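One structure is given here, and the rest of the page talks about it.
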Amino acid sequence: TLVKRVFDIFVSLLLLVLAAPVMVLTALFIVFEDGAPVFYRQERVGRDGHHFAMLKFRSMRVGAEAEQAILEAHNDGAGPLFKLKHDPRVTRVGHFLREHSLDELPQFRNVLVGQMSVVGPRPPLPKEVMSYDGRVFRRLYIKPGITGPWQVGGRSHLSWDESVRLDLDYVENWSLWDDLRIMWRTVGVVV
């Protein structure tokens, strides 16, 4: 809706300006520890199945994606999600960034250009979408978010079904009040 888009533009502009000093320091720490590049671009699926390049601060060593196949047997993720509790590819700076969700700050640029929303379902990888059944596709009815019900509802501790249930409830019952509530709870989770 127009209200959600205006809200997204306002919040993303405000946070990009306020977070600029932190982002510059973060970039310097990444380069100091592991060299360039500073950003990591990953193909994700957005609203109505449109693909886009999601930005993050790089939290893993260069070439980490090529090592994933070796680590697949140790997957701690739920459903089609790949996650490792103690991923050996994550740098020291990357661990700090992930722990405090600072790696996601560049995604406010994705919000500003209209690819993402501040609040919404988690942006899936194309290979995750290939495993969706009919009802799960409803997650793609709205733009994915930097934060969402999954982040404040348990993050990686949720089962796949619980995560999908939270996302679908959000998609089907969206309100600006819910976005504000989720943003407020996100601050608590991050802090």
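In the structure tokens, each chain is lettered A, B, ... as it comes, each chain's residues begin at 1, and ligands are numbered from 1 in order of appearance.
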Going by DSSP on the backbone, which bits of chain A are helix (DSSP H, G or I)? Write them as a PDB file with N, CA and C atoms, in the first residue's frame, please.
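And here's out-v2.pdb as it stands now:
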ATOM      1  N   LEU A   2       0.255   2.370  -0.328  1.00  0.00           N
ATOM      2  CA  LEU A   2       0.963   3.647  -0.359  1.00  0.00           C
ATOM      3  C   LEU A   2       1.480   4.029   1.033  1.00  0.00           C
ATOM      4  N   VAL A   3       0.682   3.764   2.063  1.00  0.00           N
ATOM      5  CA  VAL A   3       1.086   4.100   3.438  1.00  0.00           C
ATOM      6  C   VAL A   3       2.353   3.330   3.816  1.00  0.00           C
ATOM      7  N   LYS A   4       2.389   2.042   3.496  1.00  0.00           N
ATOM      8  CA  LYS A   4       3.564   1.219   3.829  1.00  0.00           C
ATOM      9  C   LYS A   4       4.788   1.708   3.064  1.00  0.00           C
ATOM     10  N   ARG A   5       4.621   2.081   1.795  1.00  0.00           N
ATOM     11  CA  ARG A   5       5.762   2.546   0.988  1.00  0.00           C
ATOM     12  C   ARG A   5       6.307   3.872   1.525  1.00  0.00           C
ATOM     13  N   VAL A   6       5.433   4.801   1.851  1.00  0.00           N
ATOM     14  CA  VAL A   6       5.878   6.086   2.410  1.00  0.00           C
ATOM     15  C   VAL A   6       6.599   5.857   3.736  1.00  0.00           C
ATOM     16  N   PHE A   7       6.042   4.985   4.559  1.00  0.00           N
ATOM     17  CA  PHE A   7       6.657   4.638   5.838  1.00  0.00           C
ATOM     18  C   PHE A   7       8.054   4.042   5.612  1.00  0.00           C
ATOM     19  N   ASP A   8       8.175   3.126   4.653  1.00  0.00           N
ATOM     20  CA  ASP A   8       9.458   2.498   4.340  1.00  0.00           C
ATOM     21  C   ASP A   8      10.496   3.528   3.893  1.00  0.00           C
ATOM     22  N   ILE A   9      10.097   4.449   3.031  1.00  0.00           N
ATOM     23  CA  ILE A   9      11.029   5.476   2.546  1.00  0.00           C
ATOM     24  C   ILE A   9      11.503   6.344   3.708  1.00  0.00           C
ATOM     25  N   PHE A  10      10.576   6.779   4.541  1.00  0.00           N
ATOM     26  CA  PHE A  10      10.916   7.637   5.676  1.00  0.00           C
ATOM     27  C   PHE A  10      11.879   6.922   6.632  1.00  0.00           C
ATOM     28  N   VAL A  11      11.535   5.710   7.031  1.00  0.00           N
ATOM     29  CA  VAL A  11      12.349   4.963   7.999  1.00  0.00           C
ATOM     30  C   VAL A  11      13.724   4.634   7.414  1.00  0.00           C
ATOM     31  N   SER A  12      13.776   4.189   6.153  1.00  0.00           N
ATOM     32  CA  SER A  12      15.062   3.806   5.571  1.00  0.00           C
ATOM     33  C   SER A  12      15.973   5.024   5.403  1.00  0.00           C
ATOM     34  N   LEU A  13      15.439   6.146   4.966  1.00  0.00           N
ATOM     35  CA  LEU A  13      16.257   7.359   4.845  1.00  0.00           C
ATOM     36  C   LEU A  13      16.790   7.790   6.207  1.00  0.00           C
ATOM     37  N   LEU A  14      15.915   7.822   7.195  1.00  0.00           N
ATOM     38  CA  LEU A  14      16.305   8.223   8.544  1.00  0.00           C
ATOM     39  C   LEU A  14      17.403   7.320   9.097  1.00  0.00           C
ATOM     40  N   LEU A  15      17.212   6.009   8.980  1.00  0.00           N
ATOM     41  CA  LEU A  15      18.186   5.078   9.539  1.00  0.00           C
ATOM     42  C   LEU A  15      19.497   5.055   8.756  1.00  0.00           C
ATOM     43  N   LEU A  16      19.443   5.247   7.439  1.00  0.00           N
ATOM     44  CA  LEU A  16      20.689   5.307   6.668  1.00  0.00           C
ATOM     45  C   LEU A  16      21.517   6.524   7.078  1.00  0.00           C
ATOM     46  N   VAL A  17      20.861   7.639   7.322  1.00  0.00           N
ATOM     47  CA  VAL A  17      21.575   8.846   7.755  1.00  0.00           C
ATOM     48  C   VAL A  17      22.128   8.651   9.168  1.00  0.00           C
ATOM     49  N   LEU A  18      21.285   8.177  10.089  1.00  0.00           N
ATOM     50  CA  LEU A  18      21.721   7.995  11.479  1.00  0.00           C
ATOM     51  C   LEU A  18      22.808   6.927  11.613  1.00  0.00           C
ATOM     52  N   ALA A  19      22.730   5.892  10.790  1.00  0.00           N
ATOM     53  CA  ALA A  19      23.677   4.784  10.889  1.00  0.00           C
ATOM     54  C   ALA A  19      24.945   4.986  10.056  1.00  0.00           C
ATOM     55  N   ALA A  20      25.028   6.076   9.311  1.00  0.00           N
ATOM     56  CA  ALA A  20      26.179   6.305   8.425  1.00  0.00           C
ATOM     57  C   ALA A  20      27.524   6.185   9.155  1.00  0.00           C
ATOM     58  N   PRO A  21      27.704   6.810  10.334  1.00  0.00           N
ATOM     59  CA  PRO A  21      29.007   6.655  11.015  1.00  0.00           C
ATOM     60  C   PRO A  21      29.301   5.199  11.399  1.00  0.00           C
ATOM     61  N   VAL A  22      28.302   4.481  11.851  1.00  0.00           N
ATOM     62  CA  VAL A  22      28.476   3.069  12.213  1.00  0.00           C
ATOM     63  C   VAL A  22      28.817   2.248  10.973  1.00  0.00           C
ATOM     64  N   MET A  23      28.184   2.574   9.853  1.00  0.00           N
ATOM     65  CA  MET A  23      28.434   1.829   8.624  1.00  0.00           C
ATOM     66  C   MET A  23      29.854   2.060   8.111  1.00  0.00           C
ATOM     67  N   VAL A  24      30.343   3.299   8.233  1.00  0.00           N
ATOM     68  CA  VAL A  24      31.716   3.591   7.812  1.00  0.00           C
ATOM     69  C   VAL A  24      32.703   2.817   8.684  1.00  0.00           C
ATOM     70  N   LEU A  25      32.496   2.831  10.000  1.00  0.00           N
ATOM     71  CA  LEU A  25      33.369   2.074  10.909  1.00  0.00           C
ATOM     72  C   LEU A  25      33.315   0.573  10.621  1.00  0.00           C
ATOM     73  N   THR A  26      32.124   0.079  10.364  1.00  0.00           N
ATOM     74  CA  THR A  26      31.958  -1.339  10.051  1.00  0.00           C
ATOM     75  C   THR A  26      32.758  -1.709   8.803  1.00  0.00           C
ATOM     76  N   ALA A  27      32.655  -0.881   7.777  1.00  0.00           N
ATOM     77  CA  ALA A  27      33.405  -1.127   6.538  1.00  0.00           C
ATOM     78  C   ALA A  27      34.906  -1.173   6.810  1.00  0.00           C
ATOM     79  N   LEU A  28      35.388  -0.249   7.625  1.00  0.00           N
ATOM     80  CA  LEU A  28      36.817  -0.218   7.952  1.00  0.00           C
ATOM     81  C   LEU A  28      37.250  -1.473   8.706  1.00  0.00           C
ATOM     82  N   PHE A  29      36.437  -1.919   9.659  1.00  0.00           N
ATOM     83  CA  PHE A  29      36.769  -3.135  10.416  1.00  0.00           C
ATOM     84  C   PHE A  29      36.798  -4.365   9.505  1.00  0.00           C
ATOM     85  N   ILE A  30      35.863  -4.444   8.567  1.00  0.00           N
ATOM     86  CA  ILE A  30      35.835  -5.588   7.640  1.00  0.00           C
ATOM     87  C   ILE A  30      37.100  -5.608   6.798  1.00  0.00           C
ATOM     88  N   VAL A  31      37.453  -4.450   6.234  1.00  0.00           N
ATOM     89  CA  VAL A  31      38.645  -4.371   5.393  1.00  0.00           C
ATOM     90  C   VAL A  31      39.900  -4.667   6.205  1.00  0.00           C
ATOM     91  N   PHE A  32      39.963  -4.143   7.431  1.00  0.00           N
ATOM     92  CA  PHE A  32      41.137  -4.360   8.285  1.00  0.00           C
ATOM     93  C   PHE A  32      41.332  -5.845   8.602  1.00  0.00           C
ATOM     94  N   GLU A  33      40.217  -6.544   8.894  1.00  0.00           N
ATOM     95  CA  GLU A  33      40.353  -7.965   9.265  1.00  0.00           C
ATOM     96  C   GLU A  33      40.543  -8.881   8.062  1.00  0.00           C
ATOM     97  N   ASP A  34      39.772  -8.659   6.984  1.00  0.00           N
ATOM     98  CA  ASP A  34      39.733  -9.664   5.914  1.00  0.00           C
ATOM     99  C   ASP A  34      39.817  -9.074   4.502  1.00  0.00           C
ATOM    100  N   ARG A  47       8.758  -9.708  -3.719  1.00  0.00           N
ATOM    101  CA  ARG A  47       7.316  -9.714  -3.973  1.00  0.00           C
ATOM    102  C   ARG A  47       7.007 -10.267  -5.361  1.00  0.00           C
ATOM    103  N   ASP A  48       6.005 -11.118  -5.409  1.00  0.00           N
ATOM    104  CA  ASP A  48       5.532 -11.735  -6.649  1.00  0.00           C
ATOM    105  C   ASP A  48       6.616 -12.522  -7.388  1.00  0.00           C
ATOM    106  N   GLY A  49       7.626 -12.987  -6.659  1.00  0.00           N
ATOM    107  CA  GLY A  49       8.655 -13.829  -7.253  1.00  0.00           C
ATOM    108  C   GLY A  49       9.760 -13.095  -7.987  1.00  0.00           C
ATOM    109  N   ALA A  64      33.361 -18.043   0.885  1.00  0.00           N
ATOM    110  CA  ALA A  64      32.629 -18.896   1.830  1.00  0.00           C
ATOM    111  C   ALA A  64      31.498 -19.681   1.171  1.00  0.00           C
ATOM    112  N   GLU A  65      30.860 -19.111   0.149  1.00  0.00           N
ATOM    113  CA  GLU A  65      29.743 -19.811  -0.504  1.00  0.00           C
ATOM    114  C   GLU A  65      30.186 -21.127  -1.121  1.00  0.00           C
ATOM    115  N   ALA A  66      31.399 -21.145  -1.648  1.00  0.00           N
ATOM    116  CA  ALA A  66      31.912 -22.365  -2.281  1.00  0.00           C
ATOM    117  C   ALA A  66      32.105 -23.497  -1.272  1.00  0.00           C
ATOM    118  N   GLU A  67      32.215 -23.143   0.010  1.00  0.00           N
ATOM    119  CA  GLU A  67      32.430 -24.145   1.059  1.00  0.00           C
ATOM    120  C   GLU A  67      31.127 -24.711   1.620  1.00  0.00           C
ATOM    121  N   GLN A  68      29.997 -24.164   1.221  1.00  0.00           N
ATOM    122  CA  GLN A  68      28.723 -24.578   1.818  1.00  0.00           C
ATOM    123  C   GLN A  68      28.409 -26.048   1.572  1.00  0.00           C
ATOM    124  N   ALA A  69      28.691 -26.529   0.398  1.00  0.00           N
ATOM    125  CA  ALA A  69      28.372 -27.923   0.071  1.00  0.00           C
ATOM    126  C   ALA A  69      29.038 -28.892   1.056  1.00  0.00           C
ATOM    127  N   ILE A  70      30.243 -28.552   1.488  1.00  0.00           N
ATOM    128  CA  ILE A  70      30.970 -29.401   2.435  1.00  0.00           C
ATOM    129  C   ILE A  70      30.281 -29.397   3.801  1.00  0.00           C
ATOM    130  N   LEU A  71      29.659 -28.258   4.144  1.00  0.00           N
ATOM    131  CA  LEU A  71      29.052 -28.085   5.468  1.00  0.00           C
ATOM    132  C   LEU A  71      27.577 -28.484   5.533  1.00  0.00           C
ATOM    133  N   GLU A  72      26.966 -28.804   4.402  1.00  0.00           N
ATOM    134  CA  GLU A  72      25.532 -29.123   4.350  1.00  0.00           C
ATOM    135  C   GLU A  72      25.131 -30.221   5.334  1.00  0.00           C
ATOM    136  N   ALA A  73      26.005 -31.185   5.559  1.00  0.00           N
ATOM    137  CA  ALA A  73      25.672 -32.302   6.451  1.00  0.00           C
ATOM    138  C   ALA A  73      25.486 -31.852   7.895  1.00  0.00           C
ATOM    139  N   HIS A  74      25.982 -30.672   8.232  1.00  0.00           N
ATOM    140  CA  HIS A  74      25.895 -30.162   9.608  1.00  0.00           C
ATOM    141  C   HIS A  74      24.819 -29.085   9.759  1.00  0.00           C
ATOM    142  N   ARG A  92      35.761 -12.882  12.759  1.00  0.00           N
ATOM    143  CA  ARG A  92      35.533 -12.312  14.099  1.00  0.00           C
ATOM    144  C   ARG A  92      34.641 -11.087  14.021  1.00  0.00           C
ATOM    145  N   VAL A  93      34.941 -10.187  13.071  1.00  0.00           N
ATOM    146  CA  VAL A  93      34.092  -9.002  12.882  1.00  0.00           C
ATOM    147  C   VAL A  93      32.692  -9.448  12.472  1.00  0.00           C
ATOM    148  N   GLY A  94      32.620 -10.437  11.599  1.00  0.00           N
ATOM    149  CA  GLY A  94      31.332 -10.948  11.141  1.00  0.00           C
ATOM    150  C   GLY A  94      30.490 -11.502  12.266  1.00  0.00           C
ATOM    151  N   HIS A  95      31.121 -12.176  13.214  1.00  0.00           N
ATOM    152  CA  HIS A  95      30.391 -12.710  14.369  1.00  0.00           C
ATOM    153  C   HIS A  95      29.754 -11.561  15.153  1.00  0.00           C
ATOM    154  N   PHE A  96      30.514 -10.503  15.396  1.00  0.00           N
ATOM    155  CA  PHE A  96      29.992  -9.339  16.111  1.00  0.00           C
ATOM    156  C   PHE A  96      28.847  -8.696  15.320  1.00  0.00           C
ATOM    157  N   LEU A  97      29.036  -8.536  14.014  1.00  0.00           N
ATOM    158  CA  LEU A  97      28.002  -7.920  13.176  1.00  0.00           C
ATOM    159  C   LEU A  97      26.710  -8.722  13.219  1.00  0.00           C
ATOM    160  N   ARG A  98      26.819 -10.037  13.113  1.00  0.00           N
ATOM    161  CA  ARG A  98      25.630 -10.889  13.134  1.00  0.00           C
ATOM    162  C   ARG A  98      24.951 -10.865  14.502  1.00  0.00           C
ATOM    163  N   GLU A  99      25.758 -10.914  15.547  1.00  0.00           N
ATOM    164  CA  GLU A  99      25.214 -10.935  16.906  1.00  0.00           C
ATOM    165  C   GLU A  99      24.381  -9.686  17.191  1.00  0.00           C
ATOM    166  N   LEU A 102      24.076  -5.916  12.793  1.00  0.00           N
ATOM    167  CA  LEU A 102      24.650  -4.791  12.047  1.00  0.00           C
ATOM    168  C   LEU A 102      24.944  -5.160  10.593  1.00  0.00           C
ATOM    169  N   ASP A 103      25.093  -6.452  10.303  1.00  0.00           N
ATOM    170  CA  ASP A 103      25.350  -6.883   8.929  1.00  0.00           C
ATOM    171  C   ASP A 103      24.181  -6.548   8.009  1.00  0.00           C
ATOM    172  N   GLU A 104      23.013  -6.306   8.591  1.00  0.00           N
ATOM    173  CA  GLU A 104      21.816  -6.048   7.790  1.00  0.00           C
ATOM    174  C   GLU A 104      21.576  -4.566   7.494  1.00  0.00           C
ATOM    175  N   GLN A 107      20.767  -3.239   3.986  1.00  0.00           N
ATOM    176  CA  GLN A 107      19.473  -3.587   3.399  1.00  0.00           C
ATOM    177  C   GLN A 107      18.500  -2.407   3.396  1.00  0.00           C
ATOM    178  N   PHE A 108      18.791  -1.376   4.185  1.00  0.00           N
ATOM    179  CA  PHE A 108      17.929  -0.195   4.125  1.00  0.00           C
ATOM    180  C   PHE A 108      18.018   0.476   2.758  1.00  0.00           C
ATOM    181  N   ARG A 109      19.113   0.222   2.024  1.00  0.00           N
ATOM    182  CA  ARG A 109      19.187   0.680   0.638  1.00  0.00           C
ATOM    183  C   ARG A 109      18.192  -0.115  -0.220  1.00  0.00           C
ATOM    184  N   ASN A 110      18.096  -1.436   0.025  1.00  0.00           N
ATOM    185  CA  ASN A 110      17.102  -2.247  -0.688  1.00  0.00           C
ATOM    186  C   ASN A 110      15.688  -1.739  -0.422  1.00  0.00           C
ATOM    187  N   VAL A 111      15.456  -1.290   0.811  1.00  0.00           N
ATOM    188  CA  VAL A 111      14.139  -0.732   1.157  1.00  0.00           C
ATOM    189  C   VAL A 111      13.920   0.576   0.406  1.00  0.00           C
ATOM    190  N   LEU A 112      14.916   1.435   0.411  1.00  0.00           N
ATOM    191  CA  LEU A 112      14.798   2.748  -0.220  1.00  0.00           C
ATOM    192  C   LEU A 112      14.469   2.637  -1.705  1.00  0.00           C
ATOM    193  N   PRO A 126      16.422 -18.230  -3.930  1.00  0.00           N
ATOM    194  CA  PRO A 126      15.696 -18.908  -5.014  1.00  0.00           C
ATOM    195  C   PRO A 126      15.546 -20.412  -4.788  1.00  0.00           C
ATOM    196  N   LYS A 127      16.584 -21.086  -4.262  1.00  0.00           N
ATOM    197  CA  LYS A 127      16.477 -22.541  -4.054  1.00  0.00           C
ATOM    198  C   LYS A 127      15.477 -22.871  -2.951  1.00  0.00           C
ATOM    199  N   GLU A 128      15.270 -21.965  -1.988  1.00  0.00           N
ATOM    200  CA  GLU A 128      14.256 -22.181  -0.954  1.00  0.00           C
ATOM    201  C   GLU A 128      12.864 -22.102  -1.575  1.00  0.00           C
ATOM    202  N   VAL A 129      12.652 -21.133  -2.458  1.00  0.00           N
ATOM    203  CA  VAL A 129      11.342 -20.951  -3.099  1.00  0.00           C
ATOM    204  C   VAL A 129      10.979 -22.171  -3.936  1.00  0.00           C
ATOM    205  N   VAL A 136       2.785 -21.848   1.030  1.00  0.00           N
ATOM    206  CA  VAL A 136       3.965 -21.079   1.409  1.00  0.00           C
ATOM    207  C   VAL A 136       4.250 -19.968   0.403  1.00  0.00           C
ATOM    208  N   PHE A 137       3.826 -20.149  -0.856  1.00  0.00           N
ATOM    209  CA  PHE A 137       4.009 -19.108  -1.866  1.00  0.00           C
ATOM    210  C   PHE A 137       3.340 -17.794  -1.459  1.00  0.00           C
ATOM    211  N   ARG A 138       2.373 -17.858  -0.563  1.00  0.00           N
ATOM    212  CA  ARG A 138       1.698 -16.631  -0.120  1.00  0.00           C
ATOM    213  C   ARG A 138       2.653 -15.684   0.607  1.00  0.00           C
ATOM    214  N   ARG A 139       3.797 -16.182   1.066  1.00  0.00           N
ATOM    215  CA  ARG A 139       4.806 -15.306   1.670  1.00  0.00           C
ATOM    216  C   ARG A 139       5.288 -14.268   0.668  1.00  0.00           C
ATOM    217  N   LEU A 140       5.170 -14.574  -0.627  1.00  0.00           N
ATOM    218  CA  LEU A 140       5.666 -13.681  -1.678  1.00  0.00           C
ATOM    219  C   LEU A 140       4.622 -12.656  -2.136  1.00  0.00           C
ATOM    220  N   TYR A 141       3.484 -12.578  -1.456  1.00  0.00           N
ATOM    221  CA  TYR A 141       2.443 -11.626  -1.829  1.00  0.00           C
ATOM    222  C   TYR A 141       2.816 -10.192  -1.462  1.00  0.00           C
ATOM    223  N   PRO A 149       7.992 -10.964  11.637  1.00  0.00           N
ATOM    224  CA  PRO A 149       7.501 -11.791  12.738  1.00  0.00           C
ATOM    225  C   PRO A 149       8.460 -12.912  13.131  1.00  0.00           C
ATOM    226  N   TRP A 150       9.219 -13.439  12.176  1.00  0.00           N
ATOM    227  CA  TRP A 150      10.189 -14.502  12.459  1.00  0.00           C
ATOM    228  C   TRP A 150      11.322 -13.994  13.339  1.00  0.00           C
ATOM    229  N   GLN A 151      11.739 -12.715  13.142  1.00  0.00           N
ATOM    230  CA  GLN A 151      12.863 -12.185  13.908  1.00  0.00           C
ATOM    231  C   GLN A 151      12.486 -11.949  15.370  1.00  0.00           C
ATOM    232  N   VAL A 152      11.287 -11.459  15.594  1.00  0.00           N
ATOM    233  CA  VAL A 152      10.872 -11.187  16.975  1.00  0.00           C
ATOM    234  C   VAL A 152      10.190 -12.396  17.601  1.00  0.00           C
ATOM    235  N   ARG A 155      13.456 -16.270  15.688  1.00  0.00           N
ATOM    236  CA  ARG A 155      14.524 -16.380  14.694  1.00  0.00           C
ATOM    237  C   ARG A 155      14.840 -17.832  14.353  1.00  0.00           C
ATOM    238  N   SER A 156      16.091 -18.218  14.507  1.00  0.00           N
ATOM    239  CA  SER A 156      16.558 -19.557  14.109  1.00  0.00           C
ATOM    240  C   SER A 156      16.008 -20.663  14.993  1.00  0.00           C
ATOM    241  N   HIS A 157      15.422 -20.300  16.122  1.00  0.00           N
ATOM    242  CA  HIS A 157      14.900 -21.317  17.044  1.00  0.00           C
ATOM    243  C   HIS A 157      13.521 -21.828  16.616  1.00  0.00           C
ATOM    244  N   TRP A 160      10.393 -24.768  10.810  1.00  0.00           N
ATOM    245  CA  TRP A 160       9.972 -24.257   9.505  1.00  0.00           C
ATOM    246  C   TRP A 160       8.475 -23.940   9.517  1.00  0.00           C
ATOM    247  N   ASP A 161       7.660 -24.841  10.057  1.00  0.00           N
ATOM    248  CA  ASP A 161       6.214 -24.620  10.082  1.00  0.00           C
ATOM    249  C   ASP A 161       5.828 -23.408  10.923  1.00  0.00           C
ATOM    250  N   GLU A 162       6.509 -23.216  12.060  1.00  0.00           N
ATOM    251  CA  GLU A 162       6.218 -22.037  12.904  1.00  0.00           C
ATOM    252  C   GLU A 162       6.587 -20.748  12.180  1.00  0.00           C
ATOM    253  N   SER A 163       7.715 -20.755  11.506  1.00  0.00           N
ATOM    254  CA  SER A 163       8.157 -19.581  10.752  1.00  0.00           C
ATOM    255  C   SER A 163       7.156 -19.240   9.646  1.00  0.00           C
ATOM    256  N   VAL A 164       6.727 -20.245   8.909  1.00  0.00           N
ATOM    257  CA  VAL A 164       5.747 -20.042   7.832  1.00  0.00           C
ATOM    258  C   VAL A 164       4.425 -19.529   8.403  1.00  0.00           C
ATOM    259  N   ARG A 165       3.985 -20.106   9.514  1.00  0.00           N
ATOM    260  CA  ARG A 165       2.727 -19.676  10.135  1.00  0.00           C
ATOM    261  C   ARG A 165       2.786 -18.201  10.523  1.00  0.00           C
ATOM    262  N   LEU A 166       3.888 -17.778  11.146  1.00  0.00           N
ATOM    263  CA  LEU A 166       4.042 -16.373  11.528  1.00  0.00           C
ATOM    264  C   LEU A 166       4.036 -15.460  10.304  1.00  0.00           C
ATOM    265  N   ASP A 167       4.771 -15.848   9.263  1.00  0.00           N
ATOM    266  CA  ASP A 167       4.832 -15.032   8.047  1.00  0.00           C
ATOM    267  C   ASP A 167       3.467 -14.925   7.367  1.00  0.00           C
ATOM    268  N   LEU A 168       2.765 -16.039   7.246  1.00  0.00           N
ATOM    269  CA  LEU A 168       1.464 -16.011   6.575  1.00  0.00           C
ATOM    270  C   LEU A 168       0.438 -15.211   7.373  1.00  0.00           C
ATOM    271  N   ASP A 169       0.494 -15.311   8.685  1.00  0.00           N
ATOM    272  CA  ASP A 169      -0.391 -14.501   9.524  1.00  0.00           C
ATOM    273  C   ASP A 169      -0.112 -13.014   9.299  1.00  0.00           C
ATOM    274  N   TYR A 170       1.169 -12.649   9.189  1.00  0.00           N
ATOM    275  CA  TYR A 170       1.546 -11.258   8.929  1.00  0.00           C
ATOM    276  C   TYR A 170       1.025 -10.817   7.560  1.00  0.00           C
ATOM    277  N   VAL A 171       1.266 -11.632   6.525  1.00  0.00           N
ATOM    278  CA  VAL A 171       0.847 -11.292   5.160  1.00  0.00           C
ATOM    279  C   VAL A 171      -0.669 -11.091   5.080  1.00  0.00           C
ATOM    280  N   GLU A 172      -1.411 -11.977   5.712  1.00  0.00           N
ATOM    281  CA  GLU A 172      -2.871 -11.946   5.590  1.00  0.00           C
ATOM    282  C   GLU A 172      -3.538 -10.913   6.500  1.00  0.00           C
ATOM    283  N   LEU A 176      -0.320  -1.211   9.762  1.00  0.00           N
ATOM    284  CA  LEU A 176       0.785  -0.334  10.136  1.00  0.00           C
ATOM    285  C   LEU A 176       1.094  -0.491  11.624  1.00  0.00           C
ATOM    286  N   TRP A 177       0.064  -0.706  12.423  1.00  0.00           N
ATOM    287  CA  TRP A 177       0.266  -0.919  13.853  1.00  0.00           C
ATOM    288  C   TRP A 177       1.153  -2.141  14.099  1.00  0.00           C
ATOM    289  N   ASP A 178       0.912  -3.229  13.345  1.00  0.00           N
ATOM    290  CA  ASP A 178       1.751  -4.429  13.488  1.00  0.00           C
ATOM    291  C   ASP A 178       3.196  -4.131  13.107  1.00  0.00           C
ATOM    292  N   ASP A 179       3.394  -3.345  12.035  1.00  0.00           N
ATOM    293  CA  ASP A 179       4.757  -2.981  11.640  1.00  0.00           C
ATOM    294  C   ASP A 179       5.458  -2.222  12.763  1.00  0.00           C
ATOM    295  N   LEU A 180       4.776  -1.268  13.365  1.00  0.00           N
ATOM    296  CA  LEU A 180       5.360  -0.501  14.464  1.00  0.00           C
ATOM    297  C   LEU A 180       5.677  -1.398  15.662  1.00  0.00           C
ATOM    298  N   ARG A 181       4.774  -2.310  15.958  1.00  0.00           N
ATOM    299  CA  ARG A 181       4.970  -3.236  17.079  1.00  0.00           C
ATOM    300  C   ARG A 181       6.180  -4.145  16.815  1.00  0.00           C
ATOM    301  N   ILE A 182       6.288  -4.662  15.606  1.00  0.00           N
ATOM    302  CA  ILE A 182       7.412  -5.535  15.254  1.00  0.00           C
ATOM    303  C   ILE A 182       8.729  -4.763  15.288  1.00  0.00           C
ATOM    304  N   MET A 183       8.712  -3.522  14.799  1.00  0.00           N
ATOM    305  CA  MET A 183       9.936  -2.707  14.852  1.00  0.00           C
ATOM    306  C   MET A 183      10.364  -2.466  16.291  1.00  0.00           C
ATOM    307  N   TRP A 184       9.415  -2.156  17.159  1.00  0.00           N
ATOM    308  CA  TRP A 184       9.715  -1.925  18.570  1.00  0.00           C
ATOM    309  C   TRP A 184      10.300  -3.180  19.220  1.00  0.00           C
ATOM    310  N   ARG A 185       9.696  -4.331  18.920  1.00  0.00           N
ATOM    311  CA  ARG A 185      10.190  -5.595  19.477  1.00  0.00           C
ATOM    312  C   ARG A 185      11.554  -5.959  18.909  1.00  0.00           C
ATOM    313  N   THR A 186      11.812  -5.576  17.649  1.00  0.00           N
ATOM    314  CA  THR A 186      13.120  -5.834  17.030  1.00  0.00           C
ATOM    315  C   THR A 186      14.221  -5.093  17.771  1.00  0.00           C
ATOM    316  N   VAL A 187      13.944  -3.853  18.140  1.00  0.00           N
ATOM    317  CA  VAL A 187      14.925  -3.081  18.899  1.00  0.00           C
ATOM    318  C   VAL A 187      15.280  -3.824  20.182  1.00  0.00           C
ATOM    319  N   GLY A 188      14.272  -4.358  20.858  1.00  0.00           N
ATOM    320  CA  GLY A 188      14.506  -5.136  22.087  1.00  0.00           C
ATOM    321  C   GLY A 188      15.325  -6.381  21.848  1.00  0.00           C
ATOM    322  N   VAL A 189      15.047  -7.089  20.750  1.00  0.00           N
ATOM    323  CA  VAL A 189      15.771  -8.320  20.418  1.00  0.00           C
ATOM    324  C   VAL A 189      17.229  -8.009  20.108  1.00  0.00           C
ATOM    325  N   VAL A 190      17.461  -6.944  19.332  1.00  0.00           N
ATOM    326  CA  VAL A 190      18.826  -6.574  18.931  1.00  0.00           C
ATOM    327  C   VAL A 190      19.620  -6.091  20.144  1.00  0.00           C
TER     328      VAL A 190
END
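Within chain A, DSSP applied to the backbone places the following residues in strand (DSSP E or B): Phe39, Tyr40, Arg41, Gln42, Glu43, Arg44, Val45, His51, Phe52, Ala53, Met54, Leu55, Lys56, Phe57, Met60, Val90, Ser117, Val118, Val119, Gly145, Ile146 and Thr147 of chain A.
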*Distance query Pro123 (chain A) at most 8 Å, only C-alpha atoms, self and fewer than 2 positions along chain excluded, as a PyMOL selection string*: chain A and resi 44-46+121+125+144-145
*asked:* Report, in Å with one decimal, the straight-line distance from CA of Thr147 (chain A) to CA of Val119 (chain A).
replied: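 CA of Thr147 (chain A) sits 5.0 Å away from CA of Val119 (chain A).
Remark: for Val118 (chain A), the closest of the candidate residues A:Pro106, A:Pro37, A:Gly134, A:Gly148 is A:Gly148 (distances computed over only C-alpha atoms).
Using only C-alpha atoms, the smallest distance between any of A:Leu105, A:Val38, A:Thr1, A:Ala53 and Pro124 (chain A) comes from A:Ala53.
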